[in-house]
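Shown below: entry-v1.cif, with mmCIF, C-alpha atoms.
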```
data_query
loop_
_atom_site.label_atom_id
_atom_site.label_comp_id
_atom_site.auth_asym_id
_atom_site.auth_seq_id
_atom_site.Cartn_x
_atom_site.Cartn_y
_atom_site.Cartn_z
CA MET A 111 22.58 -46.77 51.06
CA ILE A 112 22.97 -42.98 50.98
CA PHE A 113 19.83 -40.86 51.32
CA GLU A 114 19.76 -37.27 50.06
CA VAL A 115 17.32 -34.52 50.97
CA GLY A 116 14.83 -33.89 48.16
CA LYS A 117 15.14 -37.37 46.66
CA ILE A 118 11.92 -39.25 45.77
CA ILE A 119 11.79 -42.88 46.92
CA GLU A 120 9.26 -45.69 46.56
CA THR A 121 8.22 -48.01 49.41
CA LYS A 122 7.13 -51.65 49.25
CA LYS A 123 3.80 -51.04 51.00
CA PRO A 124 1.51 -48.14 50.07
CA HIS A 125 0.44 -45.42 52.50
CA SER A 126 -3.21 -45.31 53.60
CA CYS A 127 -3.88 -42.80 50.79
CA LYS A 128 -2.76 -45.52 48.29
CA GLY A 129 0.43 -43.66 47.37
CA ASN A 130 3.86 -45.23 47.78
CA LYS A 131 6.12 -42.36 46.69
CA TRP A 132 7.81 -40.26 49.38
CA GLN A 133 10.12 -37.24 49.38
CA ILE A 134 13.00 -37.15 51.88
CA LEU A 135 12.87 -33.94 53.94
CA LYS A 136 15.52 -34.60 56.61
CA THR A 137 18.20 -37.22 57.20
CA GLY A 138 20.24 -38.33 60.18
CA ILE A 139 19.45 -41.01 62.77
CA ASP A 140 15.78 -40.45 61.93
CA ILE A 141 14.50 -39.79 58.42
CA LYS A 142 11.62 -37.37 57.83
CA LEU A 143 9.43 -38.22 54.85
CA LYS A 144 6.57 -36.47 53.06
CA CYS A 145 3.94 -38.43 51.12
CA ILE A 146 3.70 -37.15 47.55
CA SER A 147 -0.02 -38.04 47.27
CA CYS A 148 -1.50 -36.53 50.45
CA GLY A 149 1.29 -34.38 51.92
CA ARG A 150 1.44 -36.20 55.27
CA GLU A 151 4.85 -36.05 57.01
CA ILE A 152 6.26 -38.91 59.08
CA VAL A 153 9.51 -39.64 60.92
CA VAL A 154 11.00 -43.15 60.83
CA GLN A 155 14.22 -44.59 62.17
CA LYS A 156 16.90 -45.15 59.55
CA TYR A 157 17.21 -48.87 60.33
CA ASP A 158 13.47 -49.48 59.79
CA PHE A 159 13.38 -47.24 56.71
CA GLU A 160 16.10 -49.24 54.92
CA LYS A 161 13.93 -52.38 55.16
CA LYS A 162 10.81 -50.63 53.76
CA ILE A 163 12.37 -48.98 50.71
CA LYS A 164 11.83 -50.40 47.23
CA LYS A 165 13.76 -47.95 45.00
#
```
Before anything else, please render the file you have as structure tokens.
Amino acid sequence: MIFEVGKIIETKKPHSCKGNKWQILKTGIDIKLKCISCGREIVVQKYDFEKKIKK
């Protein structure tokens, strides 16, 4: 799957703030995400991220 910067994605499990929509900030080996609900930024490995994505 191809990930583009600025794209909004939805995860299977919600974040601790009860939001499950994330914006992609950076791509590469690691993917940097920003929670739409609370603004928290996280970095996950691409392999793990592909398993957690819903849409």
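Once the PyMOL selection byres ((chain A and resi 132) around 9) is applied to the depicted file, the selected set reads Lys117, Ile118, Ile119, Glu120, Thr121, Gly129, Asn130, Lys131, Gln133, Ile134, Leu143, Lys144, Cys145, Ile146 and Ser147 of chain A.
Atom to atom, atom CA of A:His125 and atom CA of A:Asp158 stand 15.5 Å apart.
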Check: Selected by the PyMOL selection byres ((chain A and resi 136) around 9) in the shown coordinates: which residues, as a list in words?
Finding: Glu114, Val115, Gly116, Ile134, Leu135, Thr137, Gly138, Asp140, Ile141, Lys142, Leu143 and Val153 of chain A
